[in-house]
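Reading through the structure tokens given below for one structure.
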Amino acid sequence: MELLKAHPALGRLLDSIGTSAVHSAKFDRDELTIWVDKALIREACAILRDDPDCPFNYLADLTCVDWYPSEPRFEVVYHLLSIPKKERVRLKVRLDGSSPAIESVTSVWPSANFYEREVFDLFGVRFTGHPNLKRIMMPDDWEGHPLRRDYPVEGYR
Amino acid sequence: MPTNPATMVQSDLDRTLTLNMGPQHPSTHGVLRLVLEIDGETIVRLRPEIGYLHTGIEKTCEAKFYQQVVPLTDRIDYLCPMTNNLTYCLAVEKLLGLEIPPKAQWMRVLMNELTRLNSHLVWLGTHAMDLGAMTVFLYCFREREDILRFFEMISGQRMMTSYFRIGGLALEPPLGFFEKVKKFADRFLGNVDEYEGLLTGNPIFLMRTKGIAKLSAEDAVALGACGPTLRASGVDIDLRRDSPYTGYENFKFNVPIQTEGDVFARYVCRVQELRESLGIVQQALAGMPEGPIKADAPKVVLPDREKMKTQMEALIYHFKIITEGFTVPAGEVYQAVESPRGEMGYYVVSDGTAKPYRVHMRGPSYANLQTLEKMCEGSLIADVIAAVGSIDVVLGDIDR
């Protein structure tokens with residue numbers, strides 16, 4: 001992590017919200033991944049978006065990975081893009097398996113709306129402060145969250 | 001996908017009316033459903049309801065070997081199958097650290113640009129038809145048919161091509177293929193002039209598109225628009241130029257930018273892209289290198305049919321790849337590609353086994369659909385049709 005501080009995104013995050021909020025970082029296959037504390041994700045996103053040197057102004061993707069049965073079970077993944085600087089960074093937040101919830105980033109990027117609804121629908125991760133947290137792909141009365149690893153591929157019969 | 005339509009939009013004003021557009025509506029380009037809250041003819045609120053085409057492709061991927069996912073990717077954005085193949089293959093190749101030979105890379109660029117022509121032609125034809133210009137549709141589909149014949153020639157399939165494989169291409173291009181593409185490329189510029197002659201100066205078309213469904217650059221970025229929708233609002237971004245993949249750095253092309261951000265600006269952007277893509281096709285044809293079309297990685301790439309039938313070693317590799325797949329080093333990759341509709345991203349996570357742990361597709365249509373509400377606020381019902389056509393959504397890409 002010491003070596004990676006030169007990267008604009010990681011340096012900015014460490015300066016602004018401190019080392020306690022940034023758990024770890026890795027640089028693999030030309031892609032930077034930063035693990036951010038669950039409580040500070042919205043703040044971290046806002047800092048990166050408003051960074052004067054390298055503004056990560058575009059949320060390219062938001063998704064989730066389920067590491068069932070290990071704990072912490074869920075990893076919410078944010079892919080950010082800086083349109084002026086052509087830089088990319090990946091933020092990750094680990095969440096426990098029992099009633100996973102995280103603050104919504106819709107106030108930072110309105111585009112997070114659909115992505116967060118999709119993660120809520122398919123993984124059952126709740127986003128607090130989301131304006132319209134409803135299922136988006138599955139019917140409203142669907143039971144379970146299909147993209148969880150303990151959900152059978154062929155569905156429940 | 002809500003089960004009870006009546007509970008979906010709670011209208012707070014007595015004078016507004018809730019109107020359903022779709023999912024079976026000829027101008028929604030698939031099973032898109034828009035719930036419109038209208039005050040007379042004016043849109044007060046618009047809410048896209050999706051999920052009618054959700055087939056759980058991401059879940060299916062987790063149960064397949066890496067090479068078995070390629071045909072699934074065709075079916076996501078069915079108007080640009082090769083772009084989907086390419087994005088997935090690039091992501092897995094990045095995980096594997098594979099080196100792709102130059103001929104395969106140039107072929108990928110060539111086919112990818114033909115795919116862009118194909119996709120833009122479908123868009124242009126249907127968009128013009130939505131706005132009442134029937135003729136353009138027939139003209140566009142005439143050229144699209146030629147491109148689909150090329151796809152059939154090269155892969156055996158018109159739409160679900162699966163032509164790009166992990167490590168290279170499925171087959172050598174057949175004899176006479178390049179000559180046919182060249183003949184097509186030589187006359188296509190004239191065809192684009194034809195389409196433009198029918199639309200660009202057409203007063204009816206102009207009235208239906210100019211100043212309609214405007215989107216500012218700030219809104220476009222904040223709402224996550226991508227591709228021509230973003231470029232028509234004045235944001236200068238094209239992944240082919242900004243973060244080149246599969247050898248795009250060897251090609252010269254311009255990125256058309258418009259600043260008005262209305263339906264007409266998106267039309268101009270895409271029509272200019274037709275010309276630019278054609279330029280790339282011609283460069284690819286002129287400079288096509290010789291050499292192998294598959295990477296030298298016998299544990300990942302299937303051997304040639306001939307070798308498989310004559311050499312013991314090749315037969316063993318063939319058997320192993322088909323029955324057990326190949327393992328991919330643990331890690332994760334996000335690969336983004338400029339598809340005809342914008343940034344198409346594949347996020348592939350590997351846990352070191354022969355099956356992907358997670359595949360997530362970031363569809364450009366999904367991102368662009370979010371801008372629709374902002375575009376249509378306060379406009380007329382008829383303009384919603386123009387707006388939906390102008391962002392060029394493909395529902396397979398949205399619902400996955």
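Each chain of the structure tokens is named A, B, ... in the order shown, its residues numbered from 1; ligands are numbered from 1 in display order.
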
Determine, for each residue of chain B having at least one atom at most 7 Å from an atom of chain A, the closest pair of atoms and their separation in Å to one decimal, counting only C-alpha atoms; order by chain and ascending number, as JSON lines.
```
{"residue": "B:Met1", "atom": "CA", "partner": "A:Pro139", "partner_atom": "CA", "distance": 4.7}
{"residue": "B:Pro2", "atom": "CA", "partner": "A:Asp140", "partner_atom": "CA", "distance": 5.1}
{"residue": "B:Thr3", "atom": "CA", "partner": "A:Pro139", "partner_atom": "CA", "distance": 5.9}
{"residue": "B:Ile50", "atom": "CA", "partner": "A:Met137", "partner_atom": "CA", "distance": 6.4}
{"residue": "B:Gly51", "atom": "CA", "partner": "A:Met137", "partner_atom": "CA", "distance": 4.1}
{"residue": "B:His54", "atom": "CA", "partner": "A:Met137", "partner_atom": "CA", "distance": 6.3}
{"residue": "B:Lys59", "atom": "CA", "partner": "A:Leu147", "partner_atom": "CA", "distance": 5.9}
{"residue": "B:Thr60", "atom": "CA", "partner": "A:Val153", "partner_atom": "CA", "distance": 6.7}
{"residue": "B:Val221", "atom": "CA", "partner": "A:Tyr58", "partner_atom": "CA", "distance": 6.1}
{"residue": "B:Ala222", "atom": "CA", "partner": "A:Trp109", "partner_atom": "CA", "distance": 5.5}
{"residue": "B:Leu223", "atom": "CA", "partner": "A:Ser111", "partner_atom": "CA", "distance": 4.3}
{"residue": "B:Gly224", "atom": "CA", "partner": "A:Ser111", "partner_atom": "CA", "distance": 5.1}
{"residue": "B:Ile237", "atom": "CA", "partner": "A:Ile83", "partner_atom": "CA", "distance": 7.0}
{"residue": "B:Asp242", "atom": "CA", "partner": "A:Lys86", "partner_atom": "CA", "distance": 6.7}
{"residue": "B:Arg358", "atom": "CA", "partner": "A:Val65", "partner_atom": "CA", "distance": 6.9}
{"residue": "B:Arg362", "atom": "CA", "partner": "A:Asp61", "partner_atom": "CA", "distance": 6.3}
{"residue": "B:Gln370", "atom": "CA", "partner": "A:Ser111", "partner_atom": "CA", "distance": 6.9}
{"residue": "B:Asp399", "atom": "CA", "partner": "A:Met137", "partner_atom": "CA", "distance": 6.8}
```

Inset, instruction - Taking the chain letters and numbering used in this document, name the residues of range 96-326 of chain B that DSSP puts in strand (DSSP E), as a ChimeraX atom specification. - result: /B:164-165,168-169

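Neighbouring residues of range 153-157 of chain B at 8 Å or closer, counting only C-alpha atoms and skipping chain neighbours under 3 positions away, are Arg149, Phe150, Met160, Thr161, Ser162, Tyr163, Ala170, Leu171, Glu172, Pro173, Pro174 and Phe177 of chain B.
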
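Comparing the minimum interatomic distances between Glu118 in chain A and each of A:Ser99, A:Leu133, A:Glu71, A:Ser104, counting only C-alpha atoms, we find that A:Leu133 sits nearest.
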
Inset, instruction - Name the closest residue to Glu343 in chain B among the candidates B:Leu230, B:Val328, B:Val268, B:Leu121; distances are taken between atoms, counting only C-alpha atoms. - result: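 Using only C-alpha atoms, the shortest distance to Glu343 in chain B belongs to B:Leu230.
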
Inset, instruction - For range 126-143 of chain B, please output as a count of residues only all residues within 7 Å (counting only C-alpha atoms; exclusion window: fewer than 5 positions along the same chain). - result: 7

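Coordinates place CA of Pro101 in chain B at a distance of 6.5 Å from CA of Pro292 in chain B.
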
Legend entry - Shortest interatomic distance to Lys210 in chain B - which of B:Tyr267, B:Tyr52, B:Trp106, B:Phe151, counting only C-alpha atoms: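 Among B:Tyr267, B:Tyr52, B:Trp106, B:Phe151, it is B:Tyr267 that comes nearest to Lys210 in chain B.
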
Inset, instruction - Tell me, in Å to one decimal, how far CA of Ser277 in chain B is from CA of Leu90 in chain B. - result: 20.6 Å
